file work28.pdb (PDB, C-alpha atoms, pLDDT in the B column)
ATOM      1  CA  MET A   1       3.895  40.754   6.934  1.00 43.00           C
ATOM      2  CA  THR A   2       3.821  44.321   5.676  1.00 44.00           C
ATOM      3  CA  GLU A   3       7.104  44.975   7.471  1.00 46.00           C
ATOM      4  CA  ALA A   4       8.954  42.171   5.650  1.00 50.00           C
ATOM      5  CA  ASP A   5      10.459  44.379   2.986  1.00 49.00           C
ATOM      6  CA  GLY A   6      12.942  41.859   1.609  1.00 51.00           C
ATOM      7  CA  ASP A   7      15.820  43.499   3.461  1.00 51.00           C
ATOM      8  CA  THR A   8      17.343  40.199   4.593  1.00 49.00           C
ATOM      9  CA  THR A   9      20.781  38.791   3.978  1.00 51.00           C
ATOM     10  CA  GLU A  10      20.105  35.535   2.173  1.00 50.00           C
ATOM     11  CA  ALA A  11      22.607  33.068   0.811  1.00 57.00           C
ATOM     12  CA  ALA A  12      22.533  32.455  -2.929  1.00 60.00           C
ATOM     13  CA  GLY A  13      20.149  29.623  -3.707  1.00 66.00           C
ATOM     14  CA  SER A  14      18.314  29.902  -0.391  1.00 91.00           C
ATOM     15  CA  ARG A  15      14.547  29.675  -0.301  1.00 97.00           C
ATOM     16  CA  ARG A  16      12.134  32.112   1.259  1.00 98.00           C
ATOM     17  CA  ILE A  17       9.620  30.154   3.319  1.00 98.00           C
ATOM     18  CA  ALA A  18       6.635  31.792   4.996  1.00 98.00           C
ATOM     19  CA  VAL A  19       4.846  29.802   7.696  1.00 98.00           C
ATOM     20  CA  LEU A  20       1.564  31.644   8.102  1.00 97.00           C
ATOM     21  CA  GLY A  21      -1.264  30.982  10.511  1.00 95.00           C
ATOM     22  CA  GLU A  22      -4.697  32.445  10.823  1.00 95.00           C
ATOM     23  CA  MET A  23      -5.278  36.028  11.906  1.00 92.00           C
ATOM     24  CA  LEU A  24      -8.044  35.496  14.411  1.00 88.00           C
ATOM     25  CA  GLU A  25      -9.299  38.953  15.385  1.00 86.00           C
ATOM     26  CA  LEU A  26     -10.202  40.581  12.066  1.00 89.00           C
ATOM     27  CA  GLY A  27     -13.970  40.258  12.001  1.00 89.00           C
ATOM     28  CA  ASP A  28     -15.731  40.998   8.704  1.00 92.00           C
ATOM     29  CA  GLU A  29     -12.471  41.693   6.842  1.00 93.00           C
ATOM     30  CA  SER A  30     -10.986  38.345   7.796  1.00 94.00           C
ATOM     31  CA  VAL A  31     -11.302  36.457   4.508  1.00 96.00           C
ATOM     32  CA  GLU A  32     -10.050  39.330   2.365  1.00 96.00           C
ATOM     33  CA  ALA A  33      -7.176  40.041   4.765  1.00 96.00           C
ATOM     34  CA  HIS A  34      -5.997  36.428   4.482  1.00 96.00           C
ATOM     35  CA  ARG A  35      -6.223  36.623   0.699  1.00 97.00           C
ATOM     36  CA  GLU A  36      -4.195  39.836   0.739  1.00 97.00           C
ATOM     37  CA  VAL A  37      -1.432  38.144   2.732  1.00 97.00           C
ATOM     38  CA  GLY A  38      -1.397  35.371   0.123  1.00 97.00           C
ATOM     39  CA  ARG A  39      -0.955  37.950  -2.637  1.00 98.00           C
ATOM     40  CA  MET A  40       1.775  39.692  -0.650  1.00 97.00           C
ATOM     41  CA  ALA A  41       3.683  36.427  -0.288  1.00 98.00           C
ATOM     42  CA  ALA A  42       3.869  36.212  -4.079  1.00 98.00           C
ATOM     43  CA  GLU A  43       4.861  39.887  -4.388  1.00 98.00           C
ATOM     44  CA  TYR A  44       7.722  39.378  -1.919  1.00 97.00           C
ATOM     45  CA  GLY A  45       9.022  36.382  -3.837  1.00 97.00           C
ATOM     46  CA  VAL A  46       8.219  33.710  -1.280  1.00 98.00           C
ATOM     47  CA  ASP A  47       9.146  30.265  -2.601  1.00 98.00           C
ATOM     48  CA  LEU A  48       7.032  28.189  -0.220  1.00 98.00           C
ATOM     49  CA  VAL A  49       4.001  29.139   1.844  1.00 98.00           C
ATOM     50  CA  VAL A  50       3.053  26.775   4.649  1.00 98.00           C
ATOM     51  CA  THR A  51      -0.340  27.637   6.104  1.00 98.00           C
ATOM     52  CA  VAL A  52      -1.391  26.435   9.536  1.00 97.00           C
ATOM     53  CA  GLY A  53      -5.067  26.217  10.424  1.00 96.00           C
ATOM     54  CA  ASP A  54      -8.427  25.685   8.803  1.00 93.00           C
ATOM     55  CA  GLY A  55     -10.653  27.742   6.498  1.00 93.00           C
ATOM     56  CA  LEU A  56      -8.871  31.085   6.687  1.00 95.00           C
ATOM     57  CA  ALA A  57      -5.489  29.435   6.224  1.00 96.00           C
ATOM     58  CA  LYS A  58      -6.901  27.685   3.170  1.00 96.00           C
ATOM     59  CA  GLN A  59      -7.997  31.037   1.702  1.00 96.00           C
ATOM     60  CA  LEU A  60      -4.473  32.362   2.214  1.00 97.00           C
ATOM     61  CA  ALA A  61      -2.899  29.284   0.598  1.00 98.00           C
ATOM     62  CA  LEU A  62      -5.199  29.250  -2.418  1.00 98.00           C
ATOM     63  CA  THR A  63      -4.644  32.940  -3.083  1.00 98.00           C
ATOM     64  CA  ALA A  64      -0.874  32.642  -2.668  1.00 98.00           C
ATOM     65  CA  GLY A  65      -0.792  29.836  -5.223  1.00 98.00           C
ATOM     66  CA  ALA A  66      -2.992  31.742  -7.660  1.00 98.00           C
ATOM     67  CA  ALA A  67      -0.773  34.818  -7.244  1.00 98.00           C
ATOM     68  CA  GLY A  68       2.358  32.894  -8.163  1.00 98.00           C
ATOM     69  CA  VAL A  69       3.910  31.320  -5.076  1.00 98.00           C
ATOM     70  CA  PRO A  70       5.418  28.162  -6.588  1.00 98.00           C
ATOM     71  CA  ASP A  71       4.960  25.792  -3.623  1.00 98.00           C
ATOM     72  CA  ILE A  72       2.121  25.637  -1.102  1.00 98.00           C
ATOM     73  CA  ALA A  73       1.597  23.324   1.869  1.00 98.00           C
ATOM     74  CA  MET A  74      -1.453  23.328   4.114  1.00 98.00           C
ATOM     75  CA  VAL A  75      -1.329  21.746   7.564  1.00 98.00           C
ATOM     76  CA  GLY A  76      -3.785  21.716  10.425  1.00 96.00           C
ATOM     77  CA  ASP A  77      -1.566  22.251  13.454  1.00 96.00           C
ATOM     78  CA  ASN A  78       1.793  23.440  14.727  1.00 96.00           C
ATOM     79  CA  ALA A  79       3.251  19.974  15.373  1.00 96.00           C
ATOM     80  CA  THR A  80       2.542  18.904  11.797  1.00 97.00           C
ATOM     81  CA  ALA A  81       4.012  22.145  10.460  1.00 98.00           C
ATOM     82  CA  ALA A  82       7.194  21.689  12.499  1.00 97.00           C
ATOM     83  CA  ALA A  83       7.599  18.070  11.384  1.00 97.00           C
ATOM     84  CA  TYR A  84       7.041  18.999   7.752  1.00 98.00           C
ATOM     85  CA  LEU A  85       9.527  21.871   7.898  1.00 98.00           C
ATOM     86  CA  LYS A  86      12.169  19.721   9.601  1.00 97.00           C
ATOM     87  CA  SER A  87      11.855  17.273   6.718  1.00 97.00           C
ATOM     88  CA  ILE A  88      12.308  19.837   3.930  1.00 97.00           C
ATOM     89  CA  LEU A  89      14.531  22.634   5.287  1.00 97.00           C
ATOM     90  CA  ARG A  90      17.952  23.089   3.719  1.00 96.00           C
ATOM     91  CA  PRO A  91      20.932  25.153   4.877  1.00 95.00           C
ATOM     92  CA  GLY A  92      20.455  28.774   3.896  1.00 96.00           C
ATOM     93  CA  ASP A  93      16.654  28.704   3.876  1.00 97.00           C
ATOM     94  CA  VAL A  94      15.051  31.781   5.405  1.00 97.00           C
ATOM     95  CA  VAL A  95      11.865  31.109   7.397  1.00 97.00           C
ATOM     96  CA  LEU A  96       9.282  33.671   8.510  1.00 96.00           C
ATOM     97  CA  VAL A  97       6.749  32.449  11.083  1.00 96.00           C
ATOM     98  CA  LYS A  98       3.721  34.722  11.585  1.00 94.00           C
ATOM     99  CA  ALA A  99       0.146  34.500  12.885  1.00 92.00           C
ATOM    100  CA  SER A 100      -2.100  35.803  15.614  1.00 91.00           C
ATOM    101  CA  ARG A 101      -0.878  35.142  19.118  1.00 90.00           C
ATOM    102  CA  GLY A 102      -3.728  32.655  19.543  1.00 90.00           C
ATOM    103  CA  GLY A 103      -2.190  30.406  16.891  1.00 93.00           C
ATOM    104  CA  GLN A 104       0.931  29.973  19.036  1.00 95.00           C
ATOM    105  CA  LEU A 105       3.133  29.597  15.944  1.00 95.00           C
ATOM    106  CA  TRP A 106       6.163  30.420  18.081  1.00 96.00           C
ATOM    107  CA  GLN A 107       5.954  26.709  18.909  1.00 96.00           C
ATOM    108  CA  ILE A 108       7.063  25.969  15.335  1.00 97.00           C
ATOM    109  CA  ALA A 109      10.070  28.265  15.689  1.00 96.00           C
ATOM    110  CA  GLN A 110      10.887  26.670  19.028  1.00 96.00           C
ATOM    111  CA  ALA A 111      10.729  23.178  17.510  1.00 96.00           C
ATOM    112  CA  LEU A 112      12.958  24.182  14.594  1.00 95.00           C
ATOM    113  CA  THR A 113      15.568  25.716  16.885  1.00 95.00           C
ATOM    114  CA  GLY A 114      15.571  22.943  19.493  1.00 95.00           C
ATOM    115  CA  GLN A 115      13.941  24.986  22.248  1.00 96.00           C
ATOM    116  CA  PRO A 116      11.371  23.649  24.708  1.00 94.00           C
ATOM    117  CA  ILE A 117       7.824  24.069  23.355  1.00 94.00           C
ATOM    118  CA  THR A 118       5.752  26.533  25.390  1.00 93.00           C
ATOM    119  CA  GLY A 119       2.053  27.402  25.429  1.00 86.00           C
ATOM    120  CA  LEU A 120       0.129  30.472  26.478  1.00 65.00           C
TER     121      LEU A 120
END

call {"tool": "encode", "arguments": {"input": "work28.pdb", "output": "structure tokens"}}
result
Amino acid sequence: MTEADGDTTEAAGSRRIAVLGEMLELGDESVEAHREVGRMAAEYGVDLVVTVGDGLAKQLALTAGAAGVPDIAMVGDNATAAAYLKSILRPGDVVLVKASRGGQLWQIAQALTGQPITGL
């Protein structure tokens, strides 16, 4: 997420939506790293954070909300995330999907773009 510098071409009135999964290989810094991503989402002006996963995703979501992200959704899996996003996305919304490879969040992007869903 550190590379998302806001240099996107967004339509007026579009929302910035970050779909963020757990970063699985961080060891002892894991909790704080997830909290930092939550803070960064607020700094970058994200309008909605959708976290996918369990405890670490919850840490990210709670910190993002406390840091000022106006809308937060927490889901347990990729299929639920894709279904939720399909129900709320509007034309012009900009969606970032990011997590560790193990989270397979590309499946969410595939579902949103009508592609076949693939695994590892």

call {"tool": "atom_distance", "arguments": {"input": "work28.pdb", "atom1": "atom CA of Val49 of chain A", "atom2": "atom CA of Gly102 of chain A"}}
result
19.6 Å

call {"tool": "closest_residue", "arguments": {"input": "work28.pdb", "among": "A:Ile108, A:Leu20, A:Ala42, A:Ala33", "to": "Ala81 of chain A", "atoms": "only C-alpha atoms"}}
result
A:Ile108

call {"tool": "residues_around", "arguments": {"input": "work28.pdb", "residues": "segment 73-79 of chain A", "least_positions_apart": "2", "cutoff": "10 Å", "atoms": "only C-alpha atoms", "output": "compact mmCIF listing (two decimals) with C-alpha atoms, in the frame of the given file"}}
result
# COMPACT_ATOMS: atom_id res chain seq x y z
CA VAL A 19 4.85 29.80 7.70
CA LEU A 20 1.56 31.64 8.10
CA GLY A 21 -1.26 30.98 10.51
CA LEU A 48 7.03 28.19 -0.22
CA VAL A 49 4.00 29.14 1.84
CA VAL A 50 3.05 26.78 4.65
CA THR A 51 -0.34 27.64 6.10
CA VAL A 52 -1.39 26.44 9.54
CA GLY A 53 -5.07 26.22 10.42
CA ASP A 54 -8.43 25.68 8.80
CA GLY A 55 -10.65 27.74 6.50
CA ALA A 57 -5.49 29.44 6.22
CA LYS A 58 -6.90 27.68 3.17
CA LEU A 60 -4.47 32.36 2.21
CA ALA A 61 -2.90 29.28 0.60
CA LEU A 62 -5.20 29.25 -2.42
CA GLY A 65 -0.79 29.84 -5.22
CA ASP A 71 4.96 25.79 -3.62
CA ALA A 81 4.01 22.14 10.46
CA ALA A 82 7.19 21.69 12.50
CA ALA A 83 7.60 18.07 11.38
CA TYR A 84 7.04 19.00 7.75
CA LEU A 85 9.53 21.87 7.90
CA GLY A 103 -2.19 30.41 16.89
CA GLN A 104 0.93 29.97 19.04
CA LEU A 105 3.13 29.60 15.94
CA TRP A 106 6.16 30.42 18.08
CA GLN A 107 5.95 26.71 18.91
CA ILE A 108 7.06 25.97 15.34
CA ALA A 109 10.07 28.26 15.69
CA ALA A 111 10.73 23.18 17.51

call {"tool": "axis_aligned_box", "arguments": {"input": "work28.pdb", "around": "segment 29-35 of chain A", "padding_each_side": "5 Å", "output": "JSON"}}
result
{"center_x": -9.2, "center_y": 39.1, "center_z": 4.2, "size_x": 16.5, "size_y": 15.3, "size_z": 17.1}

call {"tool": "residues_around", "arguments": {"input": "work28.pdb", "residues": "Arg90 of chain A", "least_positions_apart": "4", "cutoff": "10 Å", "atoms": "all atoms listed in the file", "output": "mmCIF file with C-alpha atoms, in the coordinates of the input"}}
result
data_model
loop_
_atom_site.group_PDB
_atom_site.id
_atom_site.type_symbol
_atom_site.label_atom_id
_atom_site.label_comp_id
_atom_site.auth_asym_id
_atom_site.auth_seq_id
_atom_site.Cartn_x
_atom_site.Cartn_y
_atom_site.Cartn_z
ATOM 1 C CA SER A 14 18.314 29.902 -0.391
ATOM 2 C CA ARG A 15 14.547 29.675 -0.301
ATOM 3 C CA LEU A 85 9.527 21.871 7.898
ATOM 4 C CA LYS A 86 12.169 19.721 9.601
ATOM 5 C CA VAL A 94 15.051 31.781 5.405
#

call {"tool": "residues_around", "arguments": {"input": "work28.pdb", "residues": "Glu32 of chain A", "least_positions_apart": "3", "cutoff": "12 Å", "atoms": "all atoms listed in the file", "output": "PDB file with C-alpha atoms, keeping the file's coordinate frame"}}
result
ATOM      1  CA  MET A  23      -5.278  36.028  11.906  1.00 92.00           C
ATOM      2  CA  LEU A  26     -10.202  40.581  12.066  1.00 89.00           C
ATOM      3  CA  GLY A  27     -13.970  40.258  12.001  1.00 89.00           C
ATOM      4  CA  ASP A  28     -15.731  40.998   8.704  1.00 92.00           C
ATOM      5  CA  GLU A  29     -12.471  41.693   6.842  1.00 93.00           C
ATOM      6  CA  ARG A  35      -6.223  36.623   0.699  1.00 97.00           C
ATOM      7  CA  GLU A  36      -4.195  39.836   0.739  1.00 97.00           C
ATOM      8  CA  VAL A  37      -1.432  38.144   2.732  1.00 97.00           C
ATOM      9  CA  GLY A  38      -1.397  35.371   0.123  1.00 97.00           C
ATOM     10  CA  ARG A  39      -0.955  37.950  -2.637  1.00 98.00           C
ATOM     11  CA  LEU A  56      -8.871  31.085   6.687  1.00 95.00           C
ATOM     12  CA  ALA A  57      -5.489  29.435   6.224  1.00 96.00           C
ATOM     13  CA  GLN A  59      -7.997  31.037   1.702  1.00 96.00           C
ATOM     14  CA  LEU A  60      -4.473  32.362   2.214  1.00 97.00           C
ATOM     15  CA  THR A  63      -4.644  32.940  -3.083  1.00 98.00           C
TER      16      THR A  63
END

call {"tool": "atom_distance", "arguments": {"input": "work28.pdb", "atom1": "atom CA of Gly92 of chain A", "atom2": "atom CA of Thr113 of chain A"}}
result
14.2 Å

call {"tool": "atom_distance", "arguments": {"input": "work28.pdb", "atom1": "atom CA of Ser100 of chain A", "atom2": "atom CA of Gly68 of chain A"}}
result
24.4 Å

call {"tool": "closest_residue", "arguments": {"input": "work28.pdb", "among": "A:Val31, A:Pro91, A:Leu24, A:Leu96", "to": "Tyr44 of chain A", "atoms": "all atoms listed in the file"}}
result
A:Leu96

call {"tool": "closest_residue", "arguments": {"input": "work28.pdb", "among": "A:Ile117, A:Leu112, A:Ala18, A:Val97", "to": "Ala64 of chain A", "atoms": "only C-alpha atoms"}}
result
A:Ala18
